[in-house]
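Engineer: Next comes the structure file start_3.cif, holding mmCIF, C-alpha atoms.
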```cif
data_structure
loop_
_atom_site.label_atom_id
_atom_site.label_comp_id
_atom_site.auth_asym_id
_atom_site.auth_seq_id
_atom_site.Cartn_x
_atom_site.Cartn_y
_atom_site.Cartn_z
CA MET D 1 49.87 86.18 107.62
CA PRO D 2 52.43 88.34 105.85
CA LYS D 3 55.93 86.97 105.76
CA ILE D 4 58.21 88.66 108.25
CA VAL D 5 61.27 89.92 106.42
CA ASP D 6 64.31 91.13 108.30
CA HIS D 7 65.45 93.90 105.99
CA ASP D 8 68.83 94.39 107.66
CA GLU D 9 69.55 90.69 107.40
CA ARG D 10 68.36 90.66 103.77
CA ARG D 11 70.61 93.64 102.96
CA ARG D 12 73.55 91.84 104.56
CA LEU D 13 72.90 88.71 102.49
CA ILE D 14 72.70 90.79 99.29
CA ILE D 15 75.97 92.54 100.06
CA GLU D 16 77.69 89.22 100.76
CA SER D 17 76.55 87.81 97.43
CA VAL D 18 77.40 90.87 95.33
CA TRP D 19 80.72 91.39 97.10
CA ALA D 20 82.60 89.01 94.81
CA LEU D 21 81.16 90.65 91.69
CA ILE D 22 82.16 94.14 92.87
CA SER D 23 85.63 92.93 93.86
CA ARG D 24 86.15 91.20 90.52
CA ARG D 25 84.94 93.84 88.09
CA GLY D 26 84.55 97.06 90.07
CA LEU D 27 81.28 98.74 90.87
CA ALA D 28 81.54 101.16 87.92
CA ALA D 29 81.52 98.27 85.44
CA VAL D 30 78.51 96.35 86.77
CA THR D 31 74.84 97.20 86.33
CA MET D 32 72.06 97.02 88.91
CA ARG D 33 70.66 94.15 86.78
CA GLU D 34 73.89 92.14 87.14
CA LEU D 35 74.10 92.87 90.85
CA ALA D 36 70.50 91.67 91.28
CA ALA D 37 71.24 88.49 89.29
CA GLU D 38 74.34 87.79 91.42
CA ALA D 39 72.21 88.08 94.56
CA GLY D 40 69.51 85.81 93.09
CA PHE D 41 66.92 88.54 92.49
CA ALA D 42 64.92 89.43 89.39
CA ASN D 43 65.79 92.66 87.60
CA GLY D 44 64.61 95.51 89.85
CA GLY D 45 64.51 93.21 92.85
CA LEU D 46 67.20 95.14 94.73
CA ALA D 47 65.17 98.36 94.70
CA PRO D 48 63.49 97.79 98.11
CA TYR D 49 66.94 97.40 99.69
CA PHE D 50 69.24 99.68 97.72
CA ARG D 51 68.23 102.76 95.76
CA ASP D 52 71.30 102.82 93.55
CA LYS D 53 74.85 101.58 93.11
CA ASP D 54 76.19 104.18 95.54
CA GLU D 55 74.04 102.71 98.32
CA ILE D 56 75.39 99.25 97.51
CA LEU D 57 78.95 100.59 97.53
CA LEU D 58 78.37 102.28 100.90
CA ALA D 59 77.01 99.00 102.31
CA ALA D 60 79.98 97.09 100.83
CA PHE D 61 82.39 99.56 102.44
CA GLN D 62 80.63 99.24 105.79
CA TYR D 63 80.71 95.45 105.41
CA ALA D 64 84.50 95.60 104.83
CA CYS D 65 84.89 97.92 107.84
CA ALA D 66 82.87 95.56 110.04
CA ALA D 67 85.04 92.62 108.91
CA THR D 68 88.17 94.64 109.72
CA GLU D 69 86.72 95.58 113.10
CA ARG D 70 86.03 91.92 113.93
CA ARG D 71 89.63 91.06 113.09
CA LEU D 72 90.93 94.01 115.12
CA ALA D 73 89.22 92.93 118.33
CA PRO D 74 91.62 90.07 119.20
CA ALA D 75 94.66 92.10 118.02
CA ILE D 76 93.71 94.78 120.54
CA ALA D 77 92.45 92.49 123.32
CA GLU D 78 95.37 90.09 123.39
CA SER D 79 98.26 92.53 123.22
CA ARG D 80 99.27 95.96 124.48
CA GLY D 81 101.28 98.98 123.43
CA LEU D 82 103.60 98.50 120.49
CA ALA D 83 102.47 94.91 119.87
CA ALA D 84 98.85 96.06 119.69
CA LEU D 85 99.83 98.88 117.31
CA ARG D 86 101.65 96.37 115.09
CA GLY D 87 98.65 93.99 115.13
CA LEU D 88 96.31 96.86 114.29
CA CYS D 89 98.43 97.92 111.30
CA HIS D 90 98.65 94.32 110.06
CA GLU D 91 94.86 94.11 109.95
CA LEU D 92 94.68 97.36 107.97
CA MET D 93 97.34 96.26 105.46
CA PRO D 94 96.37 94.19 102.37
CA LEU D 95 98.51 91.16 103.31
CA ASP D 96 96.25 88.36 102.10
CA ASP D 97 93.52 87.67 99.55
CA THR D 98 90.67 88.73 101.85
CA ARG D 99 92.28 92.08 102.62
CA LEU D 100 93.22 92.58 98.94
CA LEU D 101 89.54 92.22 98.02
CA GLU D 102 88.64 94.68 100.75
CA ALA D 103 91.28 97.07 99.39
CA ARG D 104 89.51 97.05 96.01
CA VAL D 105 86.26 98.09 97.66
CA VAL D 106 88.05 100.78 99.68
CA ILE D 107 89.56 102.24 96.49
CA ALA D 108 86.20 102.27 94.68
CA PHE D 109 84.72 103.85 97.77
CA CYS D 110 87.39 106.58 97.97
CA ASP D 111 86.60 107.55 94.39
CA ARG D 112 82.86 107.95 94.99
CA ALA D 113 83.40 109.50 98.45
CA LEU D 114 85.08 112.46 96.73
CA TYR D 115 81.70 113.63 95.49
CA ALA D 116 79.08 112.06 97.76
CA PRO D 117 78.95 113.73 101.22
CA GLY D 118 77.27 110.71 102.89
CA MET D 119 80.08 108.51 101.69
CA SER D 120 82.87 110.87 102.62
CA SER D 121 81.52 111.09 106.18
CA ALA D 122 81.58 107.26 106.37
CA TYR D 123 85.21 107.36 105.24
CA GLN D 124 86.03 110.04 107.81
CA ALA D 125 84.35 108.05 110.60
CA THR D 126 86.31 104.93 109.69
CA THR D 127 89.71 106.62 109.48
CA ALA D 128 88.93 108.59 112.67
CA ARG D 129 88.36 105.24 114.37
CA TRP D 130 91.75 103.94 113.09
CA ARG D 131 93.44 107.11 114.28
CA THR D 132 91.89 106.81 117.76
CA LEU D 133 92.93 103.17 118.11
CA MET D 134 96.49 104.04 117.00
CA HIS D 135 96.65 106.92 119.49
CA ASN D 136 95.50 104.60 122.31
CA CYS D 137 98.14 102.00 121.46
CA LEU D 138 100.85 104.67 121.24
CA ALA D 139 99.89 106.20 124.59
CA GLN D 140 100.09 102.74 126.14
CA ALA D 141 103.44 102.05 124.40
CA ARG D 142 104.84 105.29 125.86
CA LEU D 143 103.62 104.34 129.37
CA LEU D 144 105.29 100.95 128.97
CA GLY D 145 108.51 102.67 127.87
CA GLU D 146 108.42 100.91 124.49
CA VAL D 147 108.15 104.17 122.51
CA ARG D 148 110.52 106.96 123.56
CA THR D 149 110.80 109.08 120.42
CA SER D 150 110.32 112.84 120.55
CA VAL D 151 108.25 112.56 117.35
CA PRO D 152 104.71 113.61 118.38
CA ASP D 153 101.97 110.97 118.28
CA GLU D 154 99.90 112.97 115.75
CA ARG D 155 102.72 112.72 113.24
CA ILE D 156 103.27 109.00 113.86
CA VAL D 157 99.56 108.30 113.41
CA GLU D 158 99.38 110.38 110.20
CA THR D 159 102.39 108.52 108.82
CA LEU D 160 100.92 105.10 109.59
CA VAL D 161 97.47 105.99 108.21
CA ALA D 162 99.03 107.28 104.97
CA VAL D 163 101.22 104.18 104.61
CA VAL D 164 98.45 101.63 105.14
CA LEU D 165 96.20 103.52 102.74
CA GLY D 166 98.96 103.79 100.12
CA PHE D 167 99.44 100.03 100.45
CA GLN D 168 95.73 99.49 99.70
CA ALA D 169 96.28 100.87 96.21
CA ASN D 170 99.83 99.67 95.57
CA ALA D 171 99.37 96.06 96.72
CA VAL D 172 96.64 95.74 94.10
CA LEU D 173 98.14 97.89 91.31
CA THR D 174 101.89 97.28 91.69
CA PRO D 175 101.91 93.85 93.38
CA ALA D 176 105.45 93.02 92.19
CA ALA D 177 106.85 95.98 94.16
CA THR D 178 104.38 96.06 97.05
CA THR D 179 104.60 92.43 98.25
CA PRO D 180 103.37 91.41 101.71
CA GLU D 181 107.03 90.98 102.78
CA ARG D 182 107.91 94.51 101.63
CA GLN D 183 104.85 95.94 103.40
CA LEU D 184 105.88 94.24 106.65
CA GLU D 185 109.47 95.51 106.29
CA VAL D 186 108.21 99.08 105.79
CA LEU D 187 106.03 98.83 108.89
CA GLU D 188 108.86 97.39 111.01
CA GLY D 189 111.20 100.11 109.74
CA LEU D 190 108.72 102.78 110.83
CA LEU D 191 108.04 101.21 114.24
CA ASP D 192 111.82 100.79 114.84
CA SER D 193 112.32 104.50 114.17
CA TYR D 194 109.86 105.38 116.96
CA VAL D 195 111.43 103.18 119.67
CA MET A 1 91.02 120.93 50.45
CA PRO A 2 90.20 119.00 53.59
CA LYS A 3 90.88 120.78 56.85
CA ILE A 4 94.00 119.55 58.55
CA VAL A 5 93.14 118.52 62.08
CA ASP A 6 95.84 117.71 64.60
CA HIS A 7 94.13 114.92 66.51
CA ASP A 8 96.66 114.84 69.36
CA GLU A 9 96.30 118.59 69.84
CA ARG A 10 92.50 118.28 69.67
CA ARG A 11 92.55 115.48 72.24
CA ARG A 12 94.69 117.62 74.53
CA LEU A 13 92.29 120.56 74.24
CA ILE A 14 89.35 118.30 75.03
CA ILE A 15 91.08 116.90 78.11
CA GLU A 16 91.91 120.39 79.34
CA SER A 17 88.31 121.48 79.04
CA VAL A 18 86.75 118.40 80.63
CA TRP A 19 89.35 118.27 83.38
CA ALA A 20 87.45 120.65 85.65
CA LEU A 21 84.22 118.71 85.22
CA ILE A 22 85.90 115.39 86.07
CA SER A 23 87.65 116.95 89.08
CA ARG A 24 84.43 118.49 90.36
CA ARG A 25 81.99 115.62 89.99
CA GLY A 26 84.06 112.51 89.30
CA LEU A 27 84.12 110.61 86.06
CA ALA A 28 81.57 108.05 87.27
CA ALA A 29 78.93 110.76 87.73
CA VAL A 30 79.25 112.49 84.36
CA THR A 31 77.96 111.29 80.99
CA MET A 32 79.69 111.37 77.61
CA ARG A 33 77.05 113.96 76.64
CA GLU A 34 78.05 116.29 79.50
CA LEU A 35 81.75 115.81 78.76
CA ALA A 36 81.10 116.72 75.10
CA ALA A 37 79.12 119.82 76.13
CA GLU A 38 81.92 120.92 78.50
CA ALA A 39 84.41 120.63 75.63
CA GLY A 40 82.10 122.57 73.28
CA PHE A 41 81.07 119.58 71.13
CA ALA A 42 77.66 118.33 70.08
CA ASN A 43 76.45 115.10 71.63
CA GLY A 44 78.52 112.28 70.09
CA GLY A 45 81.21 114.74 69.04
CA LEU A 46 83.87 113.19 71.27
CA ALA A 47 83.58 109.80 69.54
CA PRO A 48 86.38 110.44 66.97
CA TYR A 49 88.77 111.25 69.84
CA PHE A 50 87.67 109.06 72.74
CA ARG A 51 85.78 105.78 72.49
CA ASP A 52 84.46 105.83 76.05
CA LYS A 53 84.85 107.36 79.49
CA ASP A 54 87.76 105.05 80.32
CA GLU A 55 89.74 106.50 77.41
CA ILE A 56 89.01 110.01 78.68
CA LEU A 57 90.09 108.99 82.19
CA LEU A 58 93.31 107.47 80.85
CA ALA A 59 94.04 110.70 78.96
CA ALA A 60 93.22 112.78 82.07
CA PHE A 61 95.60 110.63 84.13
CA GLN A 62 98.35 111.02 81.54
CA TYR A 63 97.68 114.76 81.46
CA ALA A 64 98.11 114.91 85.27
CA CYS A 65 101.30 112.83 85.01
CA ALA A 66 102.70 115.14 82.32
CA ALA A 67 101.94 118.18 84.51
CA THR A 68 103.69 116.50 87.46
CA GLU A 69 106.64 115.65 85.23
CA ARG A 70 106.97 119.29 84.10
CA ARG A 71 107.01 120.40 87.74
CA LEU A 72 109.53 117.70 88.64
CA ALA A 73 112.09 118.82 86.08
CA PRO A 74 113.32 121.92 87.97
CA ALA A 75 113.13 120.10 91.33
CA ILE A 76 115.53 117.51 89.93
CA ALA A 77 117.68 119.84 87.83
CA GLU A 78 118.30 122.50 90.47
CA SER A 79 119.09 120.33 93.45
CA ARG A 80 120.85 117.09 94.32
CA GLY A 81 120.62 114.18 96.73
CA LEU A 82 118.36 114.69 99.72
CA ALA A 83 117.16 118.13 98.56
CA ALA A 84 116.14 116.65 95.19
CA LEU A 85 114.35 113.78 96.95
CA ARG A 86 112.49 116.29 99.13
CA GLY A 87 111.53 118.38 96.07
CA LEU A 88 110.36 115.28 94.23
CA CYS A 89 108.12 114.21 97.14
CA HIS A 90 106.69 117.74 97.44
CA GLU A 91 105.58 117.61 93.81
CA LEU A 92 103.91 114.23 94.38
CA MET A 93 102.10 115.40 97.52
CA PRO A 94 98.71 117.19 97.27
CA LEU A 95 99.89 120.43 98.88
CA ASP A 96 97.90 122.96 96.83
CA ASP A 97 94.68 123.21 94.84
CA THR A 98 96.25 122.07 91.55
CA ARG A 99 97.69 118.95 93.13
CA LEU A 100 94.45 118.28 95.04
CA LEU A 101 92.57 118.27 91.71
CA GLU A 102 95.18 115.93 90.27
CA ALA A 103 94.77 113.69 93.33
CA ARG A 104 91.05 113.34 92.53
CA VAL A 105 91.88 112.12 89.03
CA VAL A 106 94.52 109.74 90.39
CA ILE A 107 91.98 108.21 92.80
CA ALA A 108 89.37 107.77 90.05
CA PHE A 109 92.09 106.27 87.90
CA CYS A 110 93.21 103.80 90.60
CA ASP A 111 89.65 102.54 90.84
CA ARG A 112 89.29 101.85 87.11
CA ALA A 113 92.88 100.60 86.81
CA LEU A 114 91.95 97.69 89.09
CA TYR A 115 89.96 96.15 86.26
CA ALA A 116 91.33 97.62 83.02
CA PRO A 117 94.76 96.17 82.08
CA GLY A 118 95.70 99.13 79.84
CA MET A 119 95.07 101.50 82.72
CA SER A 120 96.88 99.44 85.32
CA SER A 121 99.97 99.35 83.08
CA ALA A 122 99.84 103.17 82.83
CA TYR A 123 99.71 103.31 86.63
CA GLN A 124 102.62 100.88 86.92
CA ALA A 125 104.70 102.89 84.44
CA THR A 126 104.05 106.11 86.37
CA THR A 127 104.88 104.70 89.80
CA ALA A 128 107.91 102.88 88.33
CA ARG A 129 109.11 106.29 87.12
CA TRP A 130 108.64 107.78 90.61
CA ARG A 131 110.51 104.85 92.15
CA THR A 132 113.42 105.24 89.71
CA LEU A 133 113.72 108.98 90.40
CA MET A 134 113.64 108.36 94.16
CA HIS A 135 116.33 105.66 93.85
CA ASN A 136 118.54 108.04 91.84
CA CYS A 137 118.17 110.80 94.45
CA LEU A 138 118.89 108.37 97.28
CA ALA A 139 122.01 106.97 95.57
CA GLN A 140 123.25 110.54 95.14
CA ALA A 141 122.39 111.41 98.77
CA ARG A 142 124.42 108.40 99.94
CA LEU A 143 127.39 109.46 97.79
CA LEU A 144 127.15 112.96 99.27
CA GLY A 145 127.09 111.45 102.77
CA GLU A 146 123.64 112.96 103.45
CA VAL A 147 121.96 109.59 103.94
CA ARG A 148 123.82 107.09 106.11
CA THR A 149 121.07 104.80 107.36
CA SER A 150 121.40 101.02 107.10
CA VAL A 151 117.75 100.91 105.94
CA PRO A 152 117.92 99.62 102.34
CA ASP A 153 116.88 102.02 99.56
CA GLU A 154 114.10 99.68 98.37
CA ARG A 155 112.39 100.00 101.74
CA ILE A 156 112.81 103.79 101.85
CA VAL A 157 111.34 104.14 98.35
CA GLU A 158 108.40 101.85 99.16
CA THR A 159 107.69 103.87 102.30
CA LEU A 160 107.74 107.19 100.45
CA VAL A 161 105.60 105.92 97.55
CA ALA A 162 103.01 104.55 100.00
CA VAL A 163 102.97 107.79 102.00
CA VAL A 164 102.53 110.13 99.01
CA LEU A 165 99.79 107.90 97.61
CA GLY A 166 98.02 107.71 100.99
CA PHE A 167 98.14 111.50 101.12
CA GLN A 168 96.43 111.67 97.71
CA ALA A 169 93.33 110.11 99.25
CA ASN A 170 93.52 111.58 102.76
CA ALA A 171 94.20 115.20 101.77
CA VAL A 172 90.94 115.12 99.81
CA LEU A 173 88.84 112.93 102.13
CA THR A 174 90.11 113.88 105.59
CA PRO A 175 91.47 117.40 104.96
CA ALA A 176 91.16 118.44 108.62
CA ALA A 177 93.66 115.75 109.65
CA THR A 178 95.82 115.65 106.51
CA THR A 179 96.71 119.34 106.18
CA PRO A 180 99.64 120.50 104.00
CA GLU A 181 101.58 121.29 107.21
CA ARG A 182 101.01 117.79 108.59
CA GLN A 183 102.04 116.22 105.27
CA LEU A 184 105.29 118.21 105.29
CA GLU A 185 105.97 117.23 108.93
CA VAL A 186 105.46 113.56 108.08
CA LEU A 187 107.86 113.81 105.15
CA GLU A 188 110.51 115.64 107.20
CA GLY A 189 110.14 113.05 109.99
CA LEU A 190 110.77 110.25 107.49
CA LEU A 191 113.73 111.98 105.83
CA ASP A 192 115.24 112.75 109.27
CA SER A 193 115.06 109.07 110.17
CA TYR A 194 117.17 108.17 107.11
CA VAL A 195 120.00 110.65 107.77
#
```
Any chance you could give the structure as structure tokens?
Structural biologist:
Amino acid sequence: MPKIVDHDERRRLIIESVWALISRRGLAAVTMRELAAEAGFANGGLAPYFRDKDEILLAAFQYACAATERRLAPAIAESRGLAALRGLCHELMPLDDTRLLEARVVIAFCDRALYAPGMSSAYQATTARWRTLMHNCLAQARLLGEVRTSVPDERIVETLVAVVLGFQANAVLTPAATTPERQLEVLEGLLDSYV
Amino acid sequence: MPKIVDHDERRRLIIESVWALISRRGLAAVTMRELAAEAGFANGGLAPYFRDKDEILLAAFQYACAATERRLAPAIAESRGLAALRGLCHELMPLDDTRLLEARVVIAFCDRALYAPGMSSAYQATTARWRTLMHNCLAQARLLGEVRTSVPDERIVETLVAVVLGFQANAVLTPAATTPERQLEVLEGLLDSYV
């Protein structure tokens, strides 16, 4: 009987094992051969799962998004309005080692997404999801009377999305300036200005 | 007599001619051979000027920074305080085609800078320069009585740096949401909150 192989599961296991290599050296610097070795495959062994490095990068980005989404669930479920918005932003900010590694993948992904339509639509879908969640929290915060500013929600959301994305790069590249404490202060300053 | 070749000038001409190719397809997707062809060299002809693609990317980044710096000069010279801060941010935001192309190079650069120390120090030097200019404008704006907020300057600068960098990615990747108008509204909203 032929072995039953769950390709989705196999792809997930490969991504988990190559994740550290991508995070450490960047996708541009590693070869398909090294990625295969990291995942415990012979040279060429990744071909049935991933056609090229871009497909691996897309899967790594989606893996990071799924991890973020899992962390978001309690932040959204257990709080409302402004507290939920704060919790949401915290999960999108690179405040610890896990999220710093994810930030590296997001940056690599942004670069490739500039030229690969399939990747840019994945980026758009992800940031559209963040925007929707932020809008929902803000609408709730206004109903609760926590947010009373005349600044329109679209502008607040665009500000927060730009800030968390800017942090993704700066927390990795200028860590002395963009510390977790400074990131949290910036967020609180913004949220205070909307009360 | 041997021909006198100005290597710095030659390097600058090469960067100018490969700039469009990098902006259009991303450095990761182009080969040294294509870059040489774009610059009008035979295959291998770039070797005396650039050892590898990373060196070309570093030069392209520095070229973009120099262009930004040239645009910044009048913004700083002709205005003071809050107006100078606004002008500075405008030059760092991807509001037109030139700055959108520069944003693409900045994003590619951020990705490689994560793993190449020489490139990350170039990034740090550039953002340190932005931070210093912003601090100078803010100090002047406080002296002029234009900025009276109790929010410390460090936090204002960190917010603005994160926002302009977030725009670099979002104006290219989610242009429908991150329009020039929206970027300007976000900036004005932030500056208003510091008055």
Engineer: Carefully work through the PyMOL selection byres ((chain D) within 7 of (chain A)) for this structure and note down the residues it includes, as a list of chain:residue names.
Structural biologist: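 Here the PyMOL selection byres ((chain D) within 7 of (chain A)) matches D:Arg25, D:Gly26, D:Ala28, D:Ile107, D:Ala108, D:Asp111, D:Leu114, D:Tyr115, D:Ser120, D:Gln124, D:Arg155, D:Thr159, D:Ala162, D:Val163, D:Leu165, D:Gly166, D:Phe167, D:Leu173, D:Thr174, D:Val186, D:Ser193.
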Engineer: As a check of understanding, name the residues that the PyMOL selection byres ((chain D and resi 51-64) around 7) selects in the supplied structure, as a PyMOL selection string.
Structural biologist: chain D and resi 15+19+32+47+49-50+65-68+102+105-106+109+119
Engineer: To one decimal place, how far is atom CA of Ala84 of chain A from atom CA of Cys137 of chain A in Å?
Structural biologist: 6.2 Å
Engineer: In Å, rounded to a single decimal, give me how far atom CA of Leu88 of chain A is from atom CA of Trp130 of chain A.
Structural biologist: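 Separation between atom CA of Trp130 of chain A and atom CA of Leu88 of chain A: 8.5 Å.
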Engineer: The PyMOL selection byres ((chain D and resi 195) around 8) - which residues does that actually catch in the file I just gave you? List them as a list in words.
Structural biologist: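 With the PyMOL selection byres ((chain D and resi 195) around 8) on this model, the match is Glu146, Val147, Arg148, Thr149, Leu191, Asp192, Ser193 and Tyr194 of chain D.
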Engineer: What does the distance between atom CA of Asp96 of chain A and atom CA of Glu16 of chain A come to in Å, to one decimal place?
Structural biologist: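 One can read the atom CA of Asp96 of chain A to atom CA of Glu16 of chain A distance as 18.7 Å.
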Engineer: Between A:Glu188, A:Leu144, A:Thr126, A:Glu34, which has the minimum distance to Gly87 of chain A (counting only C-alpha atoms)?
Structural biologist: A:Glu188
Engineer: Considering only C-alpha atoms, can you say which of A:Arg70, A:Arg10, A:Arg33, A:Arg142 comes closest to Leu92 of chain A?
Structural biologist: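 That would be A:Arg70, the residue with the smallest distance to Leu92 of chain A.
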Engineer: When you look at Leu138 of chain D with a cut-off of 8 Å (counting only C-alpha atoms), what residues show up, excluding the ones that are within fewer than 6 positions of it in the same chain? I need them as a count of residues only.
Structural biologist: 5
Engineer: As a PyMOL selection string, please: the residues near Val18 of chain D (cut-off 6 Å, only C-alpha atoms, same-chain neighbours under 5 positions excluded).
Structural biologist: chain D and resi 35+38-39
Engineer: Only C-alpha atoms, please: the residues just picked out, written as an mmCIF file, in the frame of the given file.
Structural biologist:
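Written file, selection-v7.cif:
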```cif
data_model
loop_
_atom_site.group_PDB
_atom_site.id
_atom_site.type_symbol
_atom_site.label_atom_id
_atom_site.label_comp_id
_atom_site.auth_asym_id
_atom_site.auth_seq_id
_atom_site.Cartn_x
_atom_site.Cartn_y
_atom_site.Cartn_z
ATOM 1 C CA LEU D 35 74.100 92.870 90.850
ATOM 2 C CA GLU D 38 74.340 87.790 91.420
ATOM 3 C CA ALA D 39 72.210 88.080 94.560
#
```
